[in-house]
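J.: Got target-v2.cif for you, mmCIF, C-alpha atoms and all ligand atoms:
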```
data_structure
loop_
_atom_site.label_atom_id
_atom_site.label_comp_id
_atom_site.auth_asym_id
_atom_site.auth_seq_id
_atom_site.Cartn_x
_atom_site.Cartn_y
_atom_site.Cartn_z
CA MET A 1 95.55 68.35 22.54
CA ALA A 2 96.73 69.34 26.06
CA ARG A 3 94.68 68.38 29.13
CA PRO A 4 93.35 65.21 27.42
CA ARG A 5 90.91 64.06 30.17
CA GLN A 6 89.64 67.50 31.12
CA PRO A 7 86.27 68.81 29.88
CA ARG A 8 86.57 71.84 27.63
CA HIS A 9 85.32 75.27 28.70
CA VAL A 10 83.25 77.35 26.34
CA ALA A 11 82.09 80.92 27.06
CA LEU A 12 78.72 81.93 25.65
CA VAL A 13 78.53 85.71 25.24
CA VAL A 14 75.02 86.99 25.94
CA GLY A 15 74.22 90.69 25.59
CA THR A 16 70.55 90.96 24.67
CA ARG A 17 67.21 89.16 25.00
CA PRO A 18 67.45 87.48 21.56
CA GLU A 19 70.97 86.25 22.34
CA ALA A 20 69.68 84.77 25.60
CA ILE A 21 66.83 83.08 23.71
CA LYS A 22 69.08 81.71 20.97
CA LEU A 23 72.04 80.69 23.14
CA ALA A 24 70.08 79.14 26.04
CA PRO A 25 69.30 75.99 24.00
CA VAL A 26 73.00 75.80 23.04
CA CYS A 27 74.03 76.03 26.68
CA LEU A 28 71.65 73.21 27.56
CA ALA A 29 72.87 71.11 24.62
CA LEU A 30 76.54 71.66 25.54
CA ARG A 31 75.75 70.39 29.02
CA ARG A 32 74.06 67.33 27.55
CA THR A 33 77.26 66.39 25.70
CA ARG A 34 78.99 65.98 29.10
CA ARG A 35 82.16 66.93 27.26
CA VAL A 36 81.98 70.69 27.52
CA VAL A 37 81.38 73.08 30.43
CA PRO A 38 79.41 76.13 29.27
CA ILE A 39 80.10 79.46 30.94
CA ILE A 40 77.51 82.18 30.36
CA VAL A 41 78.90 85.70 30.28
CA CYS A 42 76.36 88.54 30.34
CA THR A 43 77.83 91.72 28.86
CA GLY A 44 75.40 94.20 30.42
CA GLN A 45 74.06 95.34 27.01
CA GLN A 46 70.47 94.62 28.08
CA ALA A 47 71.40 94.18 31.71
CA ASP A 48 67.90 93.37 32.91
CA LEU A 49 66.28 91.55 29.97
CA ALA A 50 69.11 89.11 29.19
CA PRO A 51 69.44 87.45 32.64
CA ARG A 52 65.67 87.49 33.10
CA THR A 53 65.29 85.60 29.82
CA LEU A 54 68.04 83.10 30.71
CA ALA A 55 66.21 82.42 33.98
CA GLU A 56 63.15 81.24 32.01
CA PHE A 57 65.38 78.46 30.65
CA GLY A 58 66.64 77.69 34.17
CA LEU A 59 70.01 79.28 33.48
CA LEU A 60 72.17 81.70 35.43
CA PRO A 61 75.09 83.76 34.11
CA THR A 62 78.43 82.67 35.48
CA LEU A 63 79.66 86.23 35.33
CA SER A 64 78.15 89.56 34.39
CA LEU A 65 79.81 92.77 33.32
CA ALA A 66 78.36 95.94 34.80
CA PRO A 67 76.33 97.89 32.20
CA ASP A 68 78.28 100.42 30.16
CA LEU A 69 77.32 104.03 29.42
CA LEU A 70 74.39 103.68 27.04
CA HIS A 71 74.72 106.90 25.16
CA SER A 72 78.30 106.89 23.95
CA PRO A 73 78.81 106.14 20.22
CA THR A 74 78.45 102.53 19.09
CA PHE A 75 82.09 102.20 17.97
CA ALA A 76 83.32 103.43 21.37
CA ARG A 77 81.03 101.03 23.25
CA THR A 78 82.06 98.12 21.04
CA SER A 79 85.80 98.57 21.49
CA ARG A 80 85.45 99.25 25.22
CA LEU A 81 83.32 96.12 25.65
CA ALA A 82 85.81 94.06 23.65
CA GLY A 83 88.56 95.17 26.01
CA ARG A 84 86.51 94.42 29.12
CA LEU A 85 85.53 91.01 27.76
CA ALA A 86 89.14 90.18 26.94
CA THR A 87 90.03 90.84 30.58
CA ALA A 88 87.01 88.95 31.95
CA LEU A 89 87.50 85.96 29.66
CA ARG A 90 91.18 85.38 30.40
CA ARG A 91 90.33 82.76 33.03
CA PRO A 92 86.59 82.89 33.77
CA ALA A 93 85.58 80.53 36.57
CA GLY A 94 89.32 79.99 37.17
CA LYS A 95 89.88 77.98 33.96
CA PRO A 96 91.45 78.87 30.62
CA LEU A 97 88.87 79.00 27.85
CA ASP A 98 88.81 76.65 24.88
CA LEU A 99 86.24 78.52 22.76
CA ILE A 100 84.16 81.70 22.77
CA LEU A 101 80.69 81.42 21.28
CA VAL A 102 78.85 84.49 20.02
CA GLN A 103 75.44 84.73 18.40
CA GLY A 104 73.94 86.96 15.75
CA ASP A 105 74.86 90.56 15.18
CA THR A 106 74.84 92.72 18.31
CA LEU A 107 77.69 94.83 19.64
CA SER A 108 78.17 92.17 22.33
CA ALA A 109 78.64 89.53 19.62
CA VAL A 110 81.23 91.51 17.68
CA ALA A 111 83.02 92.51 20.92
CA GLY A 112 83.08 88.85 22.05
CA ALA A 113 84.60 87.83 18.72
CA MET A 114 87.24 90.57 18.96
CA ALA A 115 88.07 89.50 22.53
CA GLY A 116 88.49 85.92 21.33
CA ARG A 117 91.00 86.95 18.70
CA TRP A 118 92.97 89.05 21.18
CA LEU A 119 93.09 86.14 23.62
CA GLU A 120 93.91 83.68 20.82
CA VAL A 121 90.86 81.63 21.77
CA PRO A 122 88.88 80.23 18.80
CA VAL A 123 85.53 81.89 18.15
CA GLY A 124 82.32 80.16 17.07
CA HIS A 125 79.44 82.10 15.51
CA VAL A 126 75.84 80.94 15.92
CA GLU A 127 73.41 82.25 13.28
CA ALA A 128 76.25 82.92 10.85
CA GLY A 129 75.81 83.94 7.22
CA LEU A 130 72.69 86.14 7.38
CA ARG A 131 73.07 88.95 4.85
CA SER A 132 70.70 91.73 3.82
CA GLY A 133 73.06 92.71 1.01
CA ASP A 134 73.30 96.33 2.25
CA PRO A 135 76.07 97.06 4.79
CA SER A 136 74.13 100.06 6.11
CA ASP A 137 70.75 98.34 6.58
CA PRO A 138 70.23 97.07 9.18
CA TRP A 139 72.94 99.15 10.78
CA PRO A 140 75.16 98.25 12.57
CA GLU A 141 74.04 94.61 12.57
CA GLU A 142 74.91 93.82 8.95
CA GLN A 143 78.45 95.13 9.45
CA ASN A 144 78.72 93.26 12.75
CA ARG A 145 77.83 89.97 11.05
CA ARG A 146 80.40 90.50 8.33
CA ALA A 147 83.08 91.41 10.88
CA ILE A 148 82.29 88.32 13.00
CA ALA A 149 82.56 86.09 9.90
CA LYS A 150 86.16 87.30 9.52
CA LEU A 151 87.00 86.58 13.17
CA ALA A 152 85.27 83.22 13.72
CA VAL A 153 86.72 79.77 13.02
CA LEU A 154 83.42 77.87 13.34
CA HIS A 155 80.33 79.17 11.55
CA PHE A 156 76.89 77.76 12.39
CA ALA A 157 74.58 78.57 9.48
CA PRO A 158 70.86 78.48 10.28
CA THR A 159 69.65 78.03 6.68
CA VAL A 160 70.93 76.84 3.31
CA GLN A 161 70.90 80.46 2.09
CA ALA A 162 73.10 81.52 5.03
CA TRP A 163 75.47 78.60 4.26
CA ARG A 164 75.65 79.76 0.61
CA ASN A 165 76.38 83.34 1.66
CA LEU A 166 79.34 82.17 3.75
CA VAL A 167 80.71 79.95 0.97
CA ALA A 168 80.38 82.88 -1.47
CA GLU A 169 82.52 84.98 0.91
CA GLY A 170 85.26 82.36 0.85
CA ILE A 171 84.71 80.68 4.23
CA PRO A 172 86.09 77.10 3.94
CA GLN A 173 83.19 74.65 3.79
CA ASP A 174 84.64 72.41 6.51
CA ARG A 175 84.29 75.34 8.93
CA ILE A 176 80.57 75.80 8.23
CA THR A 177 77.89 73.63 9.83
CA LEU A 178 74.30 73.80 8.64
CA THR A 179 72.34 73.58 11.87
CA GLY A 180 68.95 75.31 11.67
CA ASN A 181 68.23 78.31 13.87
CA THR A 182 68.60 77.72 17.61
CA GLY A 183 65.72 80.19 18.12
CA ILE A 184 63.39 77.48 16.85
CA ASP A 185 64.76 75.16 19.56
CA ALA A 186 63.74 77.87 22.05
CA VAL A 187 60.23 77.98 20.57
CA ARG A 188 60.03 74.18 20.91
CA LEU A 189 61.25 74.25 24.52
CA ALA A 190 58.84 77.03 25.50
CA ARG A 191 55.87 74.97 24.32
CA SER A 192 56.19 72.78 27.40
CA TRP A 193 56.37 75.69 29.86
CA THR A 194 53.50 77.04 31.94
CA PRO A 195 54.48 80.70 32.12
CA MET A 196 53.13 83.11 34.73
CA LEU A 197 50.66 85.36 32.90
CA ASP A 198 49.57 88.82 33.97
CA THR A 199 45.87 89.67 33.80
CA ALA A 200 46.17 91.57 30.50
CA THR A 201 47.96 88.69 28.73
CA ALA A 202 45.59 86.08 30.15
CA GLY A 203 42.65 88.21 28.95
CA LEU A 204 44.12 88.50 25.46
CA LEU A 205 44.64 84.74 25.24
CA SER A 206 40.99 84.07 25.99
CA GLY A 207 39.70 86.77 23.60
CA PRO A 208 39.71 87.24 19.81
CA ALA A 209 43.09 86.76 18.11
CA PRO A 210 44.97 90.08 18.40
CA VAL A 211 47.25 91.89 15.94
CA LEU A 212 50.58 92.02 17.82
CA ALA A 213 53.11 94.74 17.15
CA THR A 214 56.71 95.23 18.33
CA ALA A 215 59.40 97.73 17.31
CA HIS A 216 62.94 98.27 18.50
CA ARG A 217 65.39 98.70 15.61
CA ARG A 218 67.57 101.75 15.49
CA ASN A 219 66.81 102.11 11.75
CA GLY A 220 63.20 102.55 12.83
CA PHE A 221 63.68 105.61 15.02
CA GLY A 222 61.98 108.66 13.48
CA ARG A 223 59.44 108.44 10.66
CA PHE A 224 58.84 104.74 11.20
CA GLN A 225 57.48 105.22 14.71
CA GLY A 226 54.73 107.67 13.68
CA ALA A 227 53.74 105.45 10.74
CA LEU A 228 53.51 102.36 12.93
CA ALA A 229 51.35 104.14 15.53
CA GLU A 230 49.02 105.48 12.85
CA ALA A 231 48.72 102.02 11.22
CA LEU A 232 47.86 100.41 14.57
CA ASN A 233 45.27 103.11 15.26
CA ARG A 234 43.67 102.45 11.87
CA LEU A 235 43.56 98.68 12.42
CA ALA A 236 41.97 99.19 15.85
CA GLY A 237 39.46 101.57 14.21
CA LEU A 238 38.56 98.78 11.79
CA GLY A 239 37.62 96.54 14.71
CA ASP A 240 40.80 94.51 15.32
CA THR A 241 42.13 93.86 18.81
CA VAL A 242 45.53 95.54 18.53
CA VAL A 243 48.36 95.16 21.03
CA PHE A 244 51.65 97.03 21.06
CA VAL A 245 54.32 95.24 23.12
CA THR A 246 56.96 97.71 24.28
CA HIS A 247 60.73 97.20 24.65
CA THR A 248 62.89 98.17 27.61
CA ASN A 249 64.66 100.70 25.36
CA PRO A 250 62.38 103.74 25.79
CA ARG A 251 63.80 105.44 22.68
CA ALA A 252 62.50 102.55 20.62
CA THR A 253 58.94 102.36 21.85
CA ASP A 254 57.93 105.50 23.80
CA PRO A 255 57.40 107.59 20.63
CA VAL A 256 55.06 104.86 19.28
CA ALA A 257 53.18 104.40 22.56
CA ALA A 258 52.67 108.18 22.92
CA ARG A 259 50.81 108.34 19.58
CA LEU A 260 48.52 105.33 20.10
CA ALA A 261 44.74 105.71 20.38
CA PRO A 262 43.15 104.38 23.61
CA ALA A 263 41.74 101.44 21.63
CA VAL A 264 45.27 100.03 21.17
CA GLN A 265 46.43 98.03 24.16
CA ILE A 266 49.99 98.60 25.37
CA LEU A 267 51.82 95.75 27.10
CA PRO A 268 55.24 95.86 28.79
CA PRO A 269 57.95 93.51 27.44
CA ALA A 270 56.66 89.97 27.95
CA GLY A 271 58.66 86.99 29.18
CA PHE A 272 59.62 84.63 26.36
CA GLY A 273 57.16 81.93 27.45
CA ALA A 274 54.25 84.38 27.70
CA PHE A 275 55.20 86.02 24.41
CA GLN A 276 55.20 82.65 22.65
CA ARG A 277 51.63 82.09 23.86
CA LEU A 278 50.59 85.49 22.51
CA LEU A 279 52.30 84.86 19.19
CA ALA A 280 50.68 81.46 18.71
CA HIS A 281 47.27 83.11 19.32
CA ALA A 282 47.93 86.20 17.15
CA ALA A 283 45.93 87.06 14.02
CA ALA A 284 49.04 88.78 12.64
CA VAL A 285 52.32 90.29 13.78
CA ILE A 286 53.68 93.68 12.68
CA THR A 287 57.33 94.09 13.55
CA ASP A 288 60.85 95.18 12.68
CA SER A 289 62.33 92.28 14.70
CA GLY A 290 64.61 89.64 13.19
CA GLY A 291 63.64 86.72 15.42
CA LEU A 292 59.93 87.38 15.02
CA GLN A 293 60.24 86.89 11.26
CA GLU A 294 61.50 83.37 11.98
CA GLU A 295 58.99 82.57 14.71
CA ALA A 296 55.97 83.90 12.78
CA THR A 297 56.99 81.78 9.77
CA VAL A 298 57.43 78.65 11.84
CA LEU A 299 54.11 79.19 13.65
CA SER A 300 52.31 80.04 10.35
CA ARG A 301 51.37 83.51 11.63
CA PRO A 302 50.84 86.27 9.05
CA ALA A 303 53.73 88.74 9.42
CA VAL A 304 54.45 92.26 8.23
CA VAL A 305 58.07 93.38 8.47
CA ILE A 306 58.56 97.13 8.46
CA ARG A 307 61.89 97.19 6.72
CA ALA A 308 63.16 97.96 3.22
CA ARG A 309 65.04 94.65 3.11
CA THR A 310 65.66 91.63 5.31
CA GLU A 311 68.50 89.20 5.94
CA ARG A 312 65.83 86.50 6.21
CA PRO A 313 64.60 86.07 2.61
CA GLU A 314 63.19 82.68 3.66
CA ALA A 315 60.46 84.45 5.66
CA ILE A 316 59.45 86.56 2.67
CA ALA A 317 59.43 83.50 0.39
CA ALA A 318 57.12 81.82 2.90
CA GLY A 319 54.62 84.70 2.90
CA ALA A 320 55.83 87.43 5.29
CA ARG A 321 55.40 90.91 3.75
CA LEU A 322 57.83 93.81 3.73
CA ALA A 323 56.18 97.19 4.28
CA ALA A 324 57.49 100.71 3.87
CA PRO A 325 57.20 102.97 6.93
CA ASP A 326 53.85 104.30 5.76
CA PRO A 327 50.51 103.72 7.55
CA GLY A 328 48.62 102.84 4.36
CA ALA A 329 51.29 100.34 3.30
CA ILE A 330 51.40 98.69 6.74
CA VAL A 331 47.61 98.31 6.89
CA ALA A 332 47.41 97.01 3.30
CA GLN A 333 50.21 94.49 3.86
CA THR A 334 48.58 93.33 7.09
CA HIS A 335 45.37 92.55 5.20
CA ALA A 336 47.36 90.84 2.42
CA ALA A 337 49.36 88.74 4.90
CA ARG A 338 46.18 87.61 6.65
CA THR A 339 44.57 86.62 3.36
CA ASP A 340 47.61 84.53 2.44
CA PRO A 341 49.39 83.30 5.62
CA PRO A 342 52.71 81.35 5.56
CA ARG A 343 52.38 77.92 3.95
CA PRO A 344 52.41 75.07 6.50
CA ARG A 345 55.57 73.57 4.95
CA ALA A 346 57.34 76.85 5.87
CA ARG A 347 57.42 75.35 9.37
CA TRP A 348 60.79 73.77 8.55
CA LEU A 349 62.45 76.74 6.85
CA PHE A 350 64.43 77.80 9.92
CA GLY A 351 65.21 74.35 11.29
CA ASP A 352 63.68 71.39 13.10
CA GLY A 353 64.11 72.61 16.69
CA TYR A 354 67.30 70.60 17.30
CA ALA A 355 69.87 73.06 15.95
CA ALA A 356 71.55 73.50 19.34
CA ASP A 357 72.54 69.81 19.51
CA ARG A 358 74.28 70.13 16.14
CA VAL A 359 76.15 73.20 17.39
CA ALA A 360 77.15 71.46 20.63
CA LEU A 361 78.38 68.26 18.97
CA ARG A 362 80.41 70.17 16.38
CA ILE A 363 82.05 72.18 19.17
CA ALA A 364 82.81 69.11 21.29
CA ASP A 365 84.35 67.36 18.27
CA PHE A 366 86.28 70.46 17.18
CA LEU A 367 87.77 70.74 20.67
CA ASN A 368 88.46 67.02 20.74
CA ALA A 369 86.67 67.01 24.09
CA PRO A 370 86.80 63.69 25.93
CA ARG A 371 83.67 62.10 27.32
CA THR A 372 84.00 62.82 31.02
CA ALA A 373 81.75 63.28 34.00
CA VAL A 374 81.04 67.00 34.12
CA GLY A 375 79.75 67.87 37.56
CA PRO A 376 77.33 70.66 38.50
CA VAL A 377 78.11 73.60 36.29
CA ALA A 378 78.17 77.31 36.83
CA THR A 379 75.09 78.00 34.72
CA ASP A 380 72.49 76.33 36.97
CA ARG A 381 69.98 78.84 38.26
CA LEU A 382 70.05 79.33 42.01
CA THR A 383 66.52 78.71 43.23
CA ALA A 384 66.77 81.61 45.65
CA ALA A 385 68.32 84.05 43.17
CA PRO A 386 66.43 87.32 42.63
CA LEU A 387 65.22 87.63 39.04
CA THR A 388 66.77 90.99 38.34
CA GLY A 389 69.81 92.19 36.44
CA GLY A 390 73.40 91.49 37.27
CA ALA A 391 72.50 90.66 40.87
CA MET A 392 71.71 87.17 39.63
CA ALA A 393 75.23 86.46 38.54
CA ARG A 394 77.72 84.56 40.65
CA GLN A 395 80.35 87.14 39.86
CA VAL A 396 79.79 90.75 38.81
CA ILE A 397 82.72 92.49 37.19
CA GLU A 398 82.85 96.30 37.38
C1 LIG B 1 69.08 92.94 12.53
C2 LIG B 1 68.34 91.90 13.33
O1 LIG B 1 67.25 91.57 13.00
N1 LIG B 1 68.95 91.41 14.43
C3 LIG B 1 68.28 90.45 15.27
C4 LIG B 1 68.32 90.93 16.67
O2 LIG B 1 67.24 90.37 17.37
P1 LIG B 1 65.67 90.62 17.23
O3 LIG B 1 65.37 91.69 16.25
O4 LIG B 1 65.07 89.31 17.00
O5 LIG B 1 65.33 91.14 18.73
P2 LIG B 1 63.98 91.26 19.52
O6 LIG B 1 62.87 91.62 18.62
O7 LIG B 1 64.26 92.12 20.71
O8 LIG B 1 63.72 89.84 20.10
C5 LIG B 1 62.92 88.90 19.47
C6 LIG B 1 62.78 87.73 20.41
O9 LIG B 1 62.25 88.16 21.65
C7 LIG B 1 61.02 87.49 21.93
N2 LIG B 1 60.17 88.46 22.62
C8 LIG B 1 59.69 89.56 21.96
C9 LIG B 1 58.92 90.49 22.63
C10 LIG B 1 58.62 90.30 24.00
O10 LIG B 1 57.94 91.10 24.65
N3 LIG B 1 59.14 89.19 24.62
C11 LIG B 1 59.91 88.27 23.96
O11 LIG B 1 60.34 87.30 24.57
C12 LIG B 1 60.51 87.02 20.59
O12 LIG B 1 59.71 85.88 20.72
C13 LIG B 1 61.81 86.71 19.86
O13 LIG B 1 62.32 85.45 20.21
O14 LIG B 1 69.52 90.52 17.33
C14 LIG B 1 69.65 89.12 17.40
C15 LIG B 1 70.75 88.74 18.35
O15 LIG B 1 72.02 88.78 17.83
C16 LIG B 1 69.84 88.56 16.02
O16 LIG B 1 69.75 87.16 16.08
C17 LIG B 1 68.75 89.04 15.09
O17 LIG B 1 69.26 88.88 13.77
#
```
Turn the structure described in the file into structure tokens.
T.:
Amino acid sequence: MARPRQPRHVALVVGTRPEAIKLAPVCLALRRTRRVVPIIVCTGQQADLAPRTLAEFGLLPTLSLAPDLLHSPTFARTSRLAGRLATALRRPAGKPLDLILVQGDTLSAVAGAMAGRWLEVPVGHVEAGLRSGDPSDPWPEEQNRRAIAKLAVLHFAPTVQAWRNLVAEGIPQDRITLTGNTGIDAVRLARSWTPMLDTATAGLLSGPAPVLATAHRRNGFGRFQGALAEALNRLAGLGDTVVFVTHTNPRATDPVAARLAPAVQILPPAGFGAFQRLLAHAAAVITDSGGLQEEATVLSRPAVVIRARTERPEAIAAGARLAAPDPGAIVAQTHAARTDPPRPRARWLFGDGYAADRVALRIADFLNAPRTAVGPVATDRLTAAPLTGGAMARQVIE
């Protein structure tokens, strides 16, 4: 390997809040190896939420792309972002890259993987191998995952089922590492935080356990939103404390919020630390989120997933319920999930909270990275940095 005594440089591509949550522990673990310098690249996909979430972990993007036009078609945004990333990642922070790490299934992840192939830089995929079995549901995420599997050279499978899915698709076993889900590392880290709580959240935490609801998937736009609102209204009518936590994408949550009865509380998107407190206190969670299926299972919270199918069969096996987008079905499944919450041993289904260290060590070994003193790195949060959007980054690329 060239540059034998130099640390290796790995770019972590972060587009959305869940990518920030699931890659922050990996960034911290890469730093702990002292063999690899992590470089966080924010793509501008969720230009406000992603850096704000990184900041909760004490991390700062090294560079941020300016947000792209939100309303052009997904394929156009993906290819444009891939091109912009390929330019930005040629020599980020003045160094050639040794690896590009992407996570999950967003357009940022697939664009990062495409950029890696164009630049001939190896690509690693965190949370590899999740499959719903239907390429059009969830769309476009299921297709994105399959595309990334073709582009990556290192695959970090969060569960045995994900590992099996990759093997069944012909990925060589020596390129797959069974790690656990790095999102569970984030849950573990957040337990030691003392997050700032607004009055509404503090009040909820000292009151009866609430039913928490979130919704943001594109598949959910339309009929789903009316059904969710009606189900939450019915649960509130039955005497539950019901809280709908909105998303920054107004198309995802405004149509739900507009139909809610006054008895249902509406909260703005919560910081990860505050949200973890709410989740741990919740009587149940009703959601279309991927990460919440994992977190609810690990925290033994009853969960209702408003989807026809899920790429996380482990959550269903542990007691989470799928519900059709129908108010009666959502209410009935919420009662059923509360009667029979996830078994305590389900706590380990998505990992032990140390997945990120397995990812980091595999990367350092793959890159043959020497043990070397890595000085202060570009991902440390500036204490004086404002906690908003791309302004936090050291370098903003138009
Ligand atoms: C098809 C699919 O399922 N794709 C998923 C999608 O992610 P998602 O569905 O999990 O996304 P969200 O629901 O937005 O985030 C959830 C996280 O946010 C925290 N949270 C929530 C509300 C709040 O107010 N404050 C918070 O902090 C919460 O605790 C949790 O950790 O893309 C990811 C990236 O590639 C994939 O990994 C993942 O498969």
J.: Might you pull out every residue within 7 Å of Asp326 (chain A), with all atoms listed in the file counted and same-chain residues fewer than 3 positions away left off, and present them as a list in words?
T.: Ala227, Ala329 and Ile330 of chain A
J.: Rounded to one decimal place, report the CA of Arg146 (chain A)-CA of Gly104 (chain A) distance in Å.
T.: 10.5 Å
J.: Give the residue list for ligand LIG 1 (chain B) at 8 Å, counting all atoms listed in the file, as number ranges by chain, sorted by chain and then by residue number.
T.: A: 16-19, 21-22, 53, 103-106, 109, 127, 130, 138-139, 141-142, 183, 186-187, 214-217, 245-247, 268-276, 279, 287-293, 295, 310-311
J.: Nearest to Leu101 (chain A): which of A:Gln143, A:Gly124, A:Leu81, A:Leu232 is it, counting only C-alpha atoms?
T.: A:Gly124
J.: What's the separation between CA of Leu267 (chain A) and CA of Asp185 (chain A), in Å to one decimal place?
T.: 25.5 Å
J.: What's around Asp68 (chain A) at 9 Å? Count all atoms listed in the file, leave out sequence neighbours fewer than 2 positions away in its own chain, and write the answer as number ranges by chain.
T.: A: 43-45, 65-66, 70-72, 77, 80-81
J.: Give me the residues within 9 Å of Phe350 (chain A) as a CSV table (one decimal) with C-alpha atoms, in the frame of the given file, counting all atoms listed in the file and dropping any in the same chain fewer than 4 places off.
T.:
```csv
chain,number,residue,atom,x,y,z
A,158,PRO,CA,70.9,78.5,10.3
A,159,THR,CA,69.6,78.0,6.7
A,180,GLY,CA,69.0,75.3,11.7
A,181,ASN,CA,68.2,78.3,13.9
A,182,THR,CA,68.6,77.7,17.6
A,183,GLY,CA,65.7,80.2,18.1
A,184,ILE,CA,63.4,77.5,16.8
A,294,GLU,CA,61.5,83.4,12.0
A,295,GLU,CA,59.0,82.6,14.7
A,297,THR,CA,57.0,81.8,9.8
A,298,VAL,CA,57.4,78.6,11.8
A,314,GLU,CA,63.2,82.7,3.7
A,315,ALA,CA,60.5,84.4,5.7
A,346,ALA,CA,57.3,76.8,5.9
```
J.: Give me the residues near Ala356 (chain A) as an MDAnalysis selection string, where near means some atom within 6 Å (using only C-alpha atoms) and where sequence neighbours in that chain fewer than 3 positions away do not count.
T.: chainID A and resid 25:26 29 182 359
J.: Can you put N, CA, C and O atoms back into region 89-100 of chain A and show it as a short mmCIF file (atom, residue, chain, number, x, y, z; two decimals), in the coordinates of the input?
T.:
```
data_model
loop_
_atom_site.label_atom_id
_atom_site.label_comp_id
_atom_site.auth_asym_id
_atom_site.auth_seq_id
_atom_site.Cartn_x
_atom_site.Cartn_y
_atom_site.Cartn_z
N LEU A 89 87.48 87.32 30.20
CA LEU A 89 87.50 85.96 29.66
C LEU A 89 88.89 85.31 29.69
O LEU A 89 89.08 84.23 29.15
N ARG A 90 89.84 85.97 30.34
CA ARG A 90 91.18 85.38 30.40
C ARG A 90 91.13 84.03 31.12
O ARG A 90 91.60 83.04 30.62
N ARG A 91 90.51 84.02 32.28
CA ARG A 91 90.33 82.76 33.03
C ARG A 91 88.99 82.81 33.78
O ARG A 91 88.96 82.88 35.01
N PRO A 92 87.88 82.82 33.04
CA PRO A 92 86.59 82.89 33.77
C PRO A 92 86.40 81.61 34.55
O PRO A 92 86.81 80.55 34.10
N ALA A 93 85.81 81.69 35.71
CA ALA A 93 85.58 80.53 36.57
C ALA A 93 86.90 79.80 36.86
O ALA A 93 86.93 78.59 37.07
N GLY A 94 88.02 80.55 36.80
CA GLY A 94 89.32 79.99 37.17
C GLY A 94 89.93 79.04 36.15
O GLY A 94 90.93 78.38 36.45
N LYS A 95 89.36 78.92 34.97
CA LYS A 95 89.88 77.98 33.96
C LYS A 95 90.23 78.74 32.68
O LYS A 95 89.54 79.70 32.34
N PRO A 96 91.23 78.27 31.94
CA PRO A 96 91.45 78.87 30.62
C PRO A 96 90.32 78.46 29.68
O PRO A 96 89.77 77.36 29.82
N LEU A 97 89.98 79.31 28.76
CA LEU A 97 88.87 79.00 27.85
C LEU A 97 89.35 78.23 26.63
O LEU A 97 90.47 78.42 26.16
N ASP A 98 88.48 77.38 26.11
CA ASP A 98 88.81 76.65 24.88
C ASP A 98 88.10 77.24 23.66
O ASP A 98 88.54 77.05 22.53
N LEU A 99 86.98 77.93 23.88
CA LEU A 99 86.24 78.52 22.76
C LEU A 99 85.33 79.62 23.29
O LEU A 99 84.83 79.54 24.41
N ILE A 100 85.14 80.65 22.46
CA ILE A 100 84.16 81.70 22.77
C ILE A 100 83.06 81.62 21.72
O ILE A 100 83.35 81.60 20.52
#
```
